[in-house]
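Asks: One structure follows; several queries about it will come next.
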Amino acid sequence: MVDMEYNEMELMICVASRVFEDGASVSVGTGVPCAAAMLSQKLYAPNLLITFEAGSVAPILPSMPLSVGDSTTMSRALQTTSTADAMEMLQRGLIDYCFLGGAQIDMYGNLNSTVIGDYRKPKVRFPGSGGANDFASMSWRTIVVTPQSKRRFTNSIDFITTPGYLTGPGAREKAGLPRNTGPYRVITNMAVLGFDDKTKRMMIESVHPGYTIEDVQDNTGFELLVSEHLKETAPPTKEELKILREEVDPFRAVIGKKAQ
Amino acid sequence: MVDMEYNEMELMICVASRVFEDGASVSVGTGVPCAAAMLSQKLYAPNLLITFEAGSVAPILPSMPLSVGDSTTMSRALQTTSTADAMEMLQRGLIDYCFLGGAQIDMYGNLNSTVIGDYRKPKVRFPGSGGANDFASMSWRTIVVTPQSKRRFTNSIDFITTPGYLTGPGAREKAGLPRNTGPYRVITNMAVLGFDDKTKRMMIESVHPGYTIEDVQDNTGFELLVSEHLKETAPPTKEELKILREEVDPFRAVIGKKAQ
Amino acid sequence: MDGVGKLLGFEHPDDMREFFRKKSKKLEPKLMGLGEAVDRFIQEGDYLALGGFGLVRIPMAFIHEMIRQKKGGLKCAAFTSNLDTDMLAAGKMFKETDVSYAIAFEALGFPKIIRKYFESGEIYTTEWSNGALGWRYKAAAMGLSFLPIRSMLGTDTQKYSAAKEITCPFTGMKYLAVPALYPDAAVIHVHAADIYGNSYIKGVLIADIDIAKASKKVVITAERIVPTEFFRNNPERTKIPFYLVDAVVKSPFGSYPANMPYEYFLDVEHLREMLEAFSDEEGLKRYLDENIFKCETFFDFINLHGGMKKIQYLIDKENEILGGYNG
Amino acid sequence: MDGVGKLLGFEHPDDMREFFRKKSKKLEPKLMGLGEAVDRFIQEGDYLALGGFGLVRIPMAFIHEMIRQKKGGLKCAAFTSNLDTDMLAAGKMFKETDVSYAIAFEALGFPKIIRKYFESGEIYTTEWSNGALGWRYKAAAMGLSFLPIRSMLGTDTQKYSAAKEITCPFTGMKYLAVPALYPDAAVIHVHAADIYGNSYIKGVLIADIDIAKASKKVVITAERIVPTEFFRNNPERTKIPFYLVDAVVKSPFGSYPANMPYEYFLDVEHLREMLEAFSDEEGLKRYLDENIFKCETFFDFINLHGGMKKIQYLIDKENEILGGYNG
């Protein structure tokens, strides 16, 4: 019997796993992205092509990697190559999805994972871009997974580490970024958000069971648009939870953590 | 007993083999360059680093290659890599010498191996640059091996395939080519020619036994300078001929040909 | 100085991104016969890139089948190709070419009739060095429209190319910008491939990895088909990954009479016969008739030149040079 | 928009050409001890590049010895380095850094005291993405002063970098030009090397081949020293060729507590202890004292954390994941 209670991490992973079409390609990091990609491979997209920026291509992951280049990422891989190769695969347009987090996100999906406060005198210093800027610049669709809060969802973003739609429609193209790319979904503990085609502003696509539009808006520091086709998010299925808990993350390395 | 008679090909190979310092690096092609490099490794520069543009590094050549990437070039090599790698090794300044031929050469050491006549309506079409332009642009010193004749040594060169000193002092740098590079020696059946430091014009350095300065000048379509330190070329030694004939080219693949 | 040559095989990287986005990344079987691969993946007007170098690792069986199917009107890169582009020239299959080295069989000599074809004015050439043409593939492989390089500058090779001069924003240095080369179709002969297209090449890689990344359609011809476990067990073997590949063709001895490193040496005897035959129109026609049009399979062709006995001789020769297969 | 960050580790390619010209290409023995390698090849003020990535294939024994010898005043690249640059930060060994990813031990958390060091203003940072920093190495590895790239554009990461915008001469596209990165010294941990420096890396290569080509001095630390025949018998094994290398150091288990793919897994237990210790100045000082200053050799350090038994556990764990060494 699967316990149908689920925590926020489990919810976000299950929802994220449904994004991929079979045969899509994805650049992943450790943690939630990896769990979502693994779950998706087992349930929805058996041909999901998983790549890691340290150089591994199409592994059959035995467990959650702790590091983007650790041995699990090479397990039964179809190729082990270089970071430049992985980045140039992105630059050639071969990667459909990437998966990011961040300390702050604004209404255009711009992300901060560098500093809070002034760059030269930061209150908090985070790791910086890592591969995030490259992924979000060059993959076709960026997916962000992050908990919903006023502090995180803010237009007073201290530093744009990673490009969303920058200052709005046309701004990515003007900056020189590849055509037709950008943020696609933001998956939080309360909702799935998308981006309005015209204005490129963040928009509620579906609200998770137990939450309302107001809950989502109250936990966002800027005004959200609401999709005409607003839905309630389907909760994690029995199958999703079972496979996530038993096969994807049996040691609860990711699903045992608090969403942050 | 070594037959001390030698043909022009043997002479040019022996003279060329004396150019390298031990520990120098050289990009070679098939034929004379390869024979000279092999002979040099056996007699003068055991640490001569031989590279081929198809991607082989530091082989112990069992025999004369027929093709720049054939299996002999990989025999007991220290690395098999790519053409880009080989070319970038040149671009980084890691290659001391390269070895070229050509249908025409002018007083600045510019070489033609592309066409005789008009480019779009050639009387004769030759193979083109191959790696020659890259080698002569980016290695430190270019060595040319070619028979001496008025037809070949001409300032009416139809096409500059490969850069010598272009139009004279400073022209390479002005064109954007790397600093302090250029033609170093031209080895013919009659003489060893160098280039005057100031004018970058071709200059007789040493004349082979049996030839005079006049012979060389009479077989050259432009006026040659003569080095202050003009010498007679030392003829092939017994040791050079023995090793060339017995170890380097036992099947006379190169030394059995007419110089052309 | 901007090159005056026609720019061939160039695309905007954003257009190529759209193309590569649509290309399937599924692990799906792509094995097919030579005939089908040539028919489906080589179209009139295509810009064709061939793997290998000089007399080494040439997809010769594929080229024979192209000639048999009379594929024509192509563009191609003569990138230190001789045997391969010479064969295409023999079939009068291309009209435009980026040339860095063509015609001569390197140390063995040159086929007169092919030189004549190049001199005839029937072929339009844009000039490059080997380095430049290799970097054009690499620019495309990196997803760029150009790469800065330091060769070809100041020469007529530059003048008759399609390169442009640029200035380094950090040093003020002059560079030559070589434009990306995105071939429509590439054919690469490898040592081993699985049915999905994962491919192993042993020995020098030449420009083949960049060519596979740069090209819109990639056909792999392989000495042998191996289980995918060959790659999963040791993923550093994968020189060309499956997601770049459109077709896999089993093509044993497919490089003959060229050299397949670690497998069989080149057939000097046959190459000399080819040079002889390629002296005039009549010899050329006879060679193509006997060796291609009258042969049903590539083995039929090899049988004309000694068959098993010749192949064993070339394998023995190769083992002498490279000490046998040590994969 | 030109980046406002300070340009670190840059050189004119012509100056680097002169440097590389003088570097010996002789096949000569370069084997030496850790102490000598650190003493001779790491100088105050050097720009240092470290091979590996995150918690994988880190030259940890070398870093310990650098801390022991109190090497300081360095510049370095924090190229998805955490364990490595965090250790250097722990020793307050660098003042300026190109940073693409630092501080956090990826999925395991972050060491508070290292974050504080980065927040203190004592370190000058120039900002990059992993791709950009990797391409900076690659530009140098290609002998260029820059490469055009399509990421970082439009962001503050671009603003605080030292990159410049350029225009493609063929398409008019905007690119970011990232300047070459030519480190003074690189340290790369590999699976096997011969005494001349020929080196084999198994599994992901990260940016290490480009780093080896880009750097003025290259130190290889190797799990094992092997005969040169290991490479001559199968020259595709050579990931880094001897002529790039200045020193070879035998360094078994030299990546511990980080992961050495196909050899031993990372020691989560120890990494968690480090995170704990690196919470405050006192814990940090104690960690460095006990694990480095009071240890004569790297084996002494490993013995503090379980020695043979721990190592065997990590080997077993690795064999479970990658099925044992299948070189």
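Residues in the structure tokens are numbered from 1 in each chain, the chains being A, B, ... in the order shown, and ligands are numbered from 1 in the order shown.
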If we count only C-alpha atoms, what is near A:Leu66 at a cut-off of 10 Å, once residues fewer than 2 positions away on the same chain are taken out, given as a JSON list (two decimals) with C-alpha atoms, in the first residue's frame?

Replies:
[["chain", "number", "residue", "atom", "x", "y", "z"],
["A", 29, "GLY", "CA", 21.83, 18.94, -11.96],
["A", 30, "THR", "CA", 21.73, 17.12, -8.65],
["A", 31, "GLY", "CA", 18.61, 17.01, -6.45],
["A", 63, "SER", "CA", 20.71, 6.36, -7.45],
["A", 64, "MET", "CA", 20.66, 10.12, -6.85],
["A", 68, "VAL", "CA", 27.12, 16.61, -11.22],
["A", 69, "GLY", "CA", 30.09, 14.51, -12.29],
["A", 70, "ASP", "CA", 30.10, 11.71, -9.72],
["A", 71, "SER", "CA", 30.32, 8.07, -10.71],
["A", 72, "THR", "CA", 26.56, 7.50, -10.61],
["A", 73, "THR", "CA", 26.21, 9.90, -13.55],
["A", 253, "ALA", "CA", 18.19, 12.00, -0.25],
["D", 54, "GLY", "CA", 32.63, 19.55, -7.84],
["D", 55, "LEU", "CA", 33.35, 16.52, -5.72],
["D", 105, "PHE", "CA", 29.39, 21.13, -1.76],
["D", 106, "GLU", "CA", 26.56, 20.72, -4.30],
["D", 107, "ALA", "CA", 23.77, 18.51, -2.92],
["D", 108, "LEU", "CA", 25.48, 18.17, 0.48],
["D", 266, "LEU", "CA", 33.34, 9.97, -2.47],
["D", 268, "VAL", "CA", 30.00, 11.35, 2.28]]

Asks: Set the cut-off to 10 Å and count only C-alpha atoms: what are the residues of chain C that reach chain A? Output as a ChimeraX atom specification.

Replies: /C:13-28,140-144,198,213-214,228-244

Asks: What are the closest atom pairs, with distances in Å to one decimal, for each residue of chain D lying within 10 Å of chain C, using only C-alpha atoms, rows by chain and rising residue number, as CSV?

Replies:
residue,atom,partner,partner_atom,distance
D:Leu7,CA,C:Phe170,CA,9.9
D:Phe10,CA,C:Phe170,CA,9.4
D:Glu11,CA,C:Thr171,CA,9.1
D:His12,CA,C:Thr171,CA,6.9
D:Pro13,CA,C:Thr171,CA,9.1
D:Asp14,CA,C:Met173,CA,9.7
D:Ala139,CA,C:Pro148,CA,9.9
D:Met142,CA,C:Ile149,CA,9.0
D:Gly143,CA,C:Ile149,CA,8.7
D:Leu144,CA,C:Ile149,CA,7.5
D:Ser145,CA,C:Cys168,CA,7.3
D:Phe146,CA,C:Cys168,CA,7.4
D:Leu147,CA,C:Leu147,CA,7.4
D:Pro148,CA,C:Leu144,CA,7.6
D:Ile149,CA,C:Leu144,CA,7.5
D:Arg150,CA,C:Leu144,CA,8.3
D:Ala162,CA,C:Phe170,CA,9.9
D:Ala163,CA,C:Phe170,CA,9.0
D:Lys164,CA,C:Pro169,CA,7.1
D:Glu165,CA,C:Pro169,CA,8.3
D:Ile166,CA,C:Pro169,CA,7.5
D:Thr167,CA,C:Ile166,CA,9.7
D:Cys168,CA,C:Ser145,CA,7.3
D:Pro169,CA,C:Lys164,CA,7.1
D:Phe170,CA,C:Pro179,CA,7.1
D:Thr171,CA,C:His12,CA,6.9
D:Gly172,CA,C:Ser145,CA,9.9
D:Met173,CA,C:Ser145,CA,8.7
D:Tyr175,CA,C:Leu144,CA,9.3
D:Ala177,CA,C:Pro169,CA,7.7
D:Val178,CA,C:Phe170,CA,9.2
D:Pro179,CA,C:Phe170,CA,7.1
D:Ala180,CA,C:Phe170,CA,9.5
D:Ile201,CA,C:Glu236,CA,9.8
D:Lys202,CA,C:Glu236,CA,7.3
D:Gly203,CA,C:Glu236,CA,6.3
D:Val204,CA,C:Glu236,CA,8.1
D:Leu205,CA,C:Glu236,CA,9.6
D:Asn233,CA,C:Asn326,CA,7.6
D:Asn234,CA,C:Asn326,CA,6.9
D:Pro235,CA,C:Gly203,CA,7.4
D:Glu236,CA,C:Gly203,CA,6.3
D:Arg237,CA,C:Glu236,CA,9.9
D:Leu322,CA,C:Asn233,CA,8.8
D:Gly323,CA,C:Asn233,CA,8.6
D:Tyr325,CA,C:Asn234,CA,9.6
D:Asn326,CA,C:Asn234,CA,6.9
D:Gly327,CA,C:Asn234,CA,7.7

Asks: Run DSSP on the backbone and tell me which residues of stretch 141-214 of chain B come out as alpha helix (DSSP H); list them as a PyMOL selection string.

Replies: chain B and resi 171-175+213-214

Asks: Interatomic distance between atom CA of D:Phe94 and atom CA of D:Tyr47?

Replies: 9.1 Å

Asks: Enumerate as a list of chain:residue names all residues of stretch 3-68 of chain C assigned to strand (DSSP E) by DSSP on the backbone, naming them with the chain letters and numbers the document uses.

Replies: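 Matching residues, listed in order: C:Tyr47, C:Leu48, C:Ala49, C:Leu50.
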
Asks: Can you tell me which residues surround A:Glu247 at a distance of at most 10 Å, considering only C-alpha atoms, apart from same-chain residues fewer than 2 positions away, and format the answer as a ChimeraX atom specification?

Replies: /A:38-39,42,62-63,241-245,249-251

Asks: Convert the current residue selection to file output with all heavy atoms, as an mmCIF file, in the first residue's frame.

Replies:
data_model
loop_
_atom_site.group_PDB
_atom_site.id
_atom_site.type_symbol
_atom_site.label_atom_id
_atom_site.label_comp_id
_atom_site.auth_asym_id
_atom_site.auth_seq_id
_atom_site.Cartn_x
_atom_site.Cartn_y
_atom_site.Cartn_z
ATOM 1 N N MET A 38 14.493 11.218 -13.578
ATOM 2 C CA MET A 38 14.476 9.762 -13.388
ATOM 3 C C MET A 38 13.047 9.227 -13.322
ATOM 4 O O MET A 38 12.716 8.225 -13.928
ATOM 5 C CB MET A 38 15.227 9.400 -12.095
ATOM 6 C CG MET A 38 16.733 9.413 -12.246
ATOM 7 S SD MET A 38 17.579 9.271 -10.616
ATOM 8 C CE MET A 38 17.400 7.509 -10.275
ATOM 9 N N LEU A 39 12.192 9.931 -12.564
ATOM 10 C CA LEU A 39 10.792 9.507 -12.439
ATOM 11 C C LEU A 39 10.112 9.556 -13.807
ATOM 12 O O LEU A 39 9.384 8.640 -14.184
ATOM 13 C CB LEU A 39 10.076 10.426 -11.432
ATOM 14 C CG LEU A 39 8.613 10.106 -11.142
ATOM 15 C CD1 LEU A 39 8.442 8.687 -10.600
ATOM 16 C CD2 LEU A 39 8.029 11.127 -10.148
ATOM 17 N N LYS A 42 10.937 6.644 -15.985
ATOM 18 C CA LYS A 42 10.311 5.386 -15.578
ATOM 19 C C LYS A 42 8.819 5.363 -15.871
ATOM 20 O O LYS A 42 8.213 4.303 -15.990
ATOM 21 C CB LYS A 42 10.568 5.136 -14.091
ATOM 22 C CG LYS A 42 12.031 4.723 -13.822
ATOM 23 C CD LYS A 42 12.346 4.664 -12.340
ATOM 24 C CE LYS A 42 13.842 4.641 -12.098
ATOM 25 N NZ LYS A 42 14.458 3.317 -12.320
ATOM 26 N N PRO A 62 21.720 4.703 -11.136
ATOM 27 C CA PRO A 62 21.399 3.707 -10.116
ATOM 28 C C PRO A 62 20.849 4.356 -8.852
ATOM 29 O O PRO A 62 20.150 3.725 -8.070
ATOM 30 C CB PRO A 62 22.754 3.061 -9.837
ATOM 31 C CG PRO A 62 23.755 4.130 -10.128
ATOM 32 C CD PRO A 62 23.147 5.021 -11.171
ATOM 33 N N SER A 63 21.158 5.639 -8.640
ATOM 34 C CA SER A 63 20.707 6.358 -7.450
ATOM 35 C C SER A 63 20.917 7.841 -7.701
ATOM 36 O O SER A 63 21.425 8.235 -8.739
ATOM 37 C CB SER A 63 21.506 5.898 -6.225
ATOM 38 O OG SER A 63 22.899 6.096 -6.457
ATOM 39 N N LEU A 241 4.172 8.156 -6.733
ATOM 40 C CA LEU A 241 4.734 8.135 -5.382
ATOM 41 C C LEU A 241 5.487 6.833 -5.113
ATOM 42 O O LEU A 241 6.574 6.826 -4.522
ATOM 43 C CB LEU A 241 3.622 8.317 -4.348
ATOM 44 C CG LEU A 241 3.027 9.743 -4.312
ATOM 45 C CD1 LEU A 241 1.802 9.774 -3.402
ATOM 46 C CD2 LEU A 241 4.066 10.761 -3.846
ATOM 47 N N LYS A 242 4.904 5.743 -5.577
ATOM 48 C CA LYS A 242 5.526 4.431 -5.357
ATOM 49 C C LYS A 242 6.904 4.377 -6.017
ATOM 50 O O LYS A 242 7.906 4.016 -5.384
ATOM 51 C CB LYS A 242 4.615 3.345 -5.941
ATOM 52 C CG LYS A 242 5.072 1.916 -5.675
ATOM 53 C CD LYS A 242 4.029 0.930 -6.255
ATOM 54 C CE LYS A 242 4.650 -0.423 -6.603
ATOM 55 N NZ LYS A 242 5.088 -1.185 -5.421
ATOM 56 N N ILE A 243 6.954 4.761 -7.283
ATOM 57 C CA ILE A 243 8.231 4.678 -8.006
ATOM 58 C C ILE A 243 9.226 5.702 -7.479
ATOM 59 O O ILE A 243 10.413 5.412 -7.320
ATOM 60 C CB ILE A 243 7.991 4.829 -9.524
ATOM 61 C CG1 ILE A 243 7.277 3.563 -10.006
ATOM 62 C CG2 ILE A 243 9.306 5.024 -10.279
ATOM 63 C CD1 ILE A 243 6.897 3.557 -11.448
ATOM 64 N N LEU A 244 8.737 6.899 -7.177
ATOM 65 C CA LEU A 244 9.620 7.924 -6.620
ATOM 66 C C LEU A 244 10.256 7.434 -5.322
ATOM 67 O O LEU A 244 11.469 7.555 -5.117
ATOM 68 C CB LEU A 244 8.831 9.211 -6.373
ATOM 69 C CG LEU A 244 9.590 10.360 -5.684
ATOM 70 C CD1 LEU A 244 10.816 10.770 -6.504
ATOM 71 C CD2 LEU A 244 8.672 11.574 -5.476
ATOM 72 N N ARG A 245 9.450 6.857 -4.452
ATOM 73 C CA ARG A 245 9.946 6.452 -3.131
ATOM 74 C C ARG A 245 10.754 5.164 -3.166
ATOM 75 O O ARG A 245 11.720 4.990 -2.431
ATOM 76 C CB ARG A 245 8.765 6.271 -2.163
ATOM 77 C CG ARG A 245 8.107 7.590 -1.809
ATOM 78 C CD ARG A 245 6.782 7.338 -1.102
ATOM 79 N NE ARG A 245 6.069 8.611 -0.879
ATOM 80 C CZ ARG A 245 4.798 8.669 -0.476
ATOM 81 N NH1 ARG A 245 4.109 7.550 -0.263
ATOM 82 N NH2 ARG A 245 4.226 9.843 -0.306
ATOM 83 N N ASP A 249 14.323 7.428 -5.296
ATOM 84 C CA ASP A 249 15.030 8.016 -4.148
ATOM 85 C C ASP A 249 14.780 7.208 -2.874
ATOM 86 O O ASP A 249 14.260 7.731 -1.886
ATOM 87 C CB ASP A 249 14.572 9.480 -3.967
ATOM 88 C CG ASP A 249 15.436 10.229 -2.963
ATOM 89 O OD1 ASP A 249 16.553 9.761 -2.657
ATOM 90 O OD2 ASP A 249 14.989 11.290 -2.475
ATOM 91 N N PRO A 250 15.167 5.937 -2.899
ATOM 92 C CA PRO A 250 14.873 5.062 -1.754
ATOM 93 C C PRO A 250 15.532 5.542 -0.460
ATOM 94 O O PRO A 250 15.044 5.240 0.616
ATOM 95 C CB PRO A 250 15.424 3.701 -2.182
ATOM 96 C CG PRO A 250 16.378 3.986 -3.294
ATOM 97 C CD PRO A 250 15.887 5.225 -3.949
ATOM 98 N N PHE A 251 16.632 6.269 -0.568
ATOM 99 C CA PHE A 251 17.294 6.745 0.653
ATOM 100 C C PHE A 251 16.805 8.139 1.066
ATOM 101 O O PHE A 251 17.364 8.765 1.958
ATOM 102 C CB PHE A 251 18.817 6.734 0.466
ATOM 103 C CG PHE A 251 19.332 5.374 0.104
ATOM 104 C CD1 PHE A 251 19.845 5.124 -1.158
ATOM 105 C CD2 PHE A 251 19.258 4.334 1.019
ATOM 106 C CE1 PHE A 251 20.290 3.851 -1.508
ATOM 107 C CE2 PHE A 251 19.713 3.057 0.677
ATOM 108 C CZ PHE A 251 20.223 2.819 -0.588
#

Asks: Could you work out how far atom CA of D:Leu133 lies from atom CA of D:Ser100, giving the answer in Å with one decimal?

Replies: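 So the answer is 6.9 Å.
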
Asks: Could you name the residues that touch D:Ile211 at 10 Å or less, counting only C-alpha atoms, but leaving out those on the same chain fewer than 2 positions away, as a PDB file with N, CA and C atoms, in the first residue's frame?

Replies:
ATOM      1  N   ALA D  49      44.889  26.810 -11.896  1.00  0.00           N
ATOM      2  CA  ALA D  49      43.707  26.091 -12.367  1.00  0.00           C
ATOM      3  C   ALA D  49      43.761  24.671 -11.834  1.00  0.00           C
ATOM      4  N   LEU D  50      42.631  24.191 -11.332  1.00  0.00           N
ATOM      5  CA  LEU D  50      42.585  22.832 -10.798  1.00  0.00           C
ATOM      6  C   LEU D  50      41.661  21.985 -11.659  1.00  0.00           C
ATOM      7  N   GLY D  51      42.085  20.762 -11.933  1.00  0.00           N
ATOM      8  CA  GLY D  51      41.247  19.858 -12.714  1.00  0.00           C
ATOM      9  C   GLY D  51      40.130  19.287 -11.867  1.00  0.00           C
ATOM     10  N   GLY D 134      34.662  27.564 -19.018  1.00  0.00           N
ATOM     11  CA  GLY D 134      35.164  26.442 -19.812  1.00  0.00           C
ATOM     12  C   GLY D 134      35.631  26.905 -21.190  1.00  0.00           C
ATOM     13  N   ARG D 136      36.651  29.868 -21.915  1.00  0.00           N
ATOM     14  CA  ARG D 136      37.877  30.671 -21.756  1.00  0.00           C
ATOM     15  C   ARG D 136      39.102  29.745 -21.819  1.00  0.00           C
ATOM     16  N   TYR D 137      39.030  28.614 -21.125  1.00  0.00           N
ATOM     17  CA  TYR D 137      40.121  27.635 -21.236  1.00  0.00           C
ATOM     18  C   TYR D 137      40.269  27.161 -22.679  1.00  0.00           C
ATOM     19  N   LYS D 138      39.126  26.912 -23.306  1.00  0.00           N
ATOM     20  CA  LYS D 138      39.160  26.370 -24.667  1.00  0.00           C
ATOM     21  C   LYS D 138      39.766  27.369 -25.652  1.00  0.00           C
ATOM     22  N   ALA D 140      42.074  29.531 -25.039  1.00  0.00           N
ATOM     23  CA  ALA D 140      43.526  29.422 -24.841  1.00  0.00           C
ATOM     24  C   ALA D 140      44.053  28.124 -25.442  1.00  0.00           C
ATOM     25  N   ALA D 141      43.305  27.044 -25.244  1.00  0.00           N
ATOM     26  CA  ALA D 141      43.724  25.735 -25.765  1.00  0.00           C
ATOM     27  C   ALA D 141      43.784  25.744 -27.291  1.00  0.00           C
ATOM     28  N   LEU D 181      41.782  32.202 -21.157  1.00  0.00           N
ATOM     29  CA  LEU D 181      42.305  32.074 -19.792  1.00  0.00           C
ATOM     30  C   LEU D 181      43.544  31.185 -19.858  1.00  0.00           C
ATOM     31  N   TYR D 182      44.698  31.794 -19.603  1.00  0.00           N
ATOM     32  CA  TYR D 182      45.980  31.092 -19.656  1.00  0.00           C
ATOM     33  C   TYR D 182      46.539  30.998 -18.232  1.00  0.00           C
ATOM     34  N   PRO D 183      46.189  29.958 -17.478  1.00  0.00           N
ATOM     35  CA  PRO D 183      46.681  29.870 -16.092  1.00  0.00           C
ATOM     36  C   PRO D 183      48.209  29.745 -16.043  1.00  0.00           C
ATOM     37  N   ALA D 185      49.661  27.962 -13.635  1.00  0.00           N
ATOM     38  CA  ALA D 185      49.884  26.572 -13.244  1.00  0.00           C
ATOM     39  C   ALA D 185      48.563  25.829 -13.193  1.00  0.00           C
ATOM     40  N   ALA D 186      48.600  24.573 -13.634  1.00  0.00           N
ATOM     41  CA  ALA D 186      47.426  23.719 -13.541  1.00  0.00           C
ATOM     42  C   ALA D 186      47.815  22.446 -12.813  1.00  0.00           C
ATOM     43  N   VAL D 187      46.898  21.929 -12.022  1.00  0.00           N
ATOM     44  CA  VAL D 187      47.110  20.646 -11.351  1.00  0.00           C
ATOM     45  C   VAL D 187      45.933  19.751 -11.684  1.00  0.00           C
ATOM     46  N   ILE D 188      46.229  18.605 -12.262  1.00  0.00           N
ATOM     47  CA  ILE D 188      45.173  17.719 -12.745  1.00  0.00           C
ATOM     48  C   ILE D 188      45.412  16.313 -12.213  1.00  0.00           C
ATOM     49  N   ILE D 206      35.546  16.551 -18.189  1.00  0.00           N
ATOM     50  CA  ILE D 206      35.299  17.896 -17.674  1.00  0.00           C
ATOM     51  C   ILE D 206      36.040  18.889 -18.588  1.00  0.00           C
ATOM     52  N   ALA D 207      36.856  19.802 -18.048  1.00  0.00           N
ATOM     53  CA  ALA D 207      37.569  20.748 -18.926  1.00  0.00           C
ATOM     54  C   ALA D 207      39.060  20.464 -18.921  1.00  0.00           C
ATOM     55  N   ASP D 208      39.459  19.273 -18.460  1.00  0.00           N
ATOM     56  CA  ASP D 208      40.866  19.063 -18.112  1.00  0.00           C
ATOM     57  C   ASP D 208      41.823  19.047 -19.297  1.00  0.00           C
ATOM     58  N   ILE D 209      41.352  18.592 -20.455  1.00  0.00           N
ATOM     59  CA  ILE D 209      42.247  18.590 -21.617  1.00  0.00           C
ATOM     60  C   ILE D 209      42.516  20.035 -22.051  1.00  0.00           C
ATOM     61  N   LYS D 213      46.137  22.198 -21.993  1.00  0.00           N
ATOM     62  CA  LYS D 213      46.672  22.910 -23.168  1.00  0.00           C
ATOM     63  C   LYS D 213      46.851  24.396 -22.891  1.00  0.00           C
ATOM     64  N   ALA D 214      45.996  24.961 -22.040  1.00  0.00           N
ATOM     65  CA  ALA D 214      45.975  26.402 -21.813  1.00  0.00           C
ATOM     66  C   ALA D 214      47.057  26.862 -20.849  1.00  0.00           C
ATOM     67  N   SER D 215      47.540  25.962 -19.980  1.00  0.00           N
ATOM     68  CA  SER D 215      48.347  26.390 -18.833  1.00  0.00           C
ATOM     69  C   SER D 215      49.838  26.418 -19.141  1.00  0.00           C
ATOM     70  N   LYS D 216      50.527  27.364 -18.477  1.00  0.00           N
ATOM     71  CA  LYS D 216      51.963  27.496 -18.691  1.00  0.00           C
ATOM     72  C   LYS D 216      52.716  26.333 -18.074  1.00  0.00           C
ATOM     73  N   VAL D 218      52.124  22.566 -16.076  1.00  0.00           N
ATOM     74  CA  VAL D 218      51.110  21.547 -15.801  1.00  0.00           C
ATOM     75  C   VAL D 218      51.696  20.478 -14.879  1.00  0.00           C
ATOM     76  N   ILE D 240      46.126  13.517 -22.082  1.00  0.00           N
ATOM     77  CA  ILE D 240      47.053  14.647 -21.983  1.00  0.00           C
ATOM     78  C   ILE D 240      48.424  14.142 -22.414  1.00  0.00           C
TER      79      ILE D 240
END

Asks: I want to know what sits within 10 Å of B:Leu193, based on only C-alpha atoms, with residues of the same chain fewer than 3 positions away left out; could you give that as a tab-separated table (two decimals) with C-alpha atoms, in the first residue's frame?

Replies:
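Once everything was written out, this is selection.tsv:
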chain	number	residue	atom	x	y	z
B	143	ILE	CA	61.66	24.62	-44.49
B	144	VAL	CA	61.10	24.14	-48.19
B	184	TYR	CA	63.91	29.54	-42.64
B	185	ARG	CA	65.63	27.35	-45.22
B	186	VAL	CA	65.10	26.28	-48.81
B	187	ILE	CA	66.95	23.09	-49.58
B	188	THR	CA	67.48	22.31	-53.26
B	190	MET	CA	72.19	22.71	-55.64
B	196	ASP	CA	68.25	37.87	-45.14
B	202	MET	CA	66.25	34.69	-50.34
B	203	MET	CA	70.00	34.27	-49.83
B	204	ILE	CA	72.47	31.51	-50.61
B	205	GLU	CA	73.79	29.98	-47.37
B	206	SER	CA	75.77	27.07	-48.74
B	207	VAL	CA	76.37	25.52	-52.12
B	216	VAL	CA	72.40	28.39	-58.39
B	224	LEU	CA	69.66	35.87	-54.96
B	225	LEU	CA	71.58	37.44	-52.10
B	226	VAL	CA	74.69	35.65	-50.91
B	227	SER	CA	75.47	35.11	-47.25

Asks: Rounded to one decimal, what separation in Å do you get between atom CA of A:Lys200 and atom CA of A:Val124?

Replies: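 Computing it gives 29.0 Å between the two atoms.
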
Asks: Which stretch 126-146 of chain D residues have any atom within 9 Å of an atom of stretch 158-161 of chain D, and for each, what is the nearest pair of atoms with distance in Å to one decimal, counting only C-alpha atoms, rows sorted by chain and number, as a tab-separated table?

Replies:
residue	atom	partner	partner_atom	distance
D:Thr126	CA	D:Ser161	CA	5.3
D:Glu127	CA	D:Ser161	CA	4.6
D:Trp128	CA	D:Ser161	CA	5.8
D:Ser129	CA	D:Gln158	CA	8.8
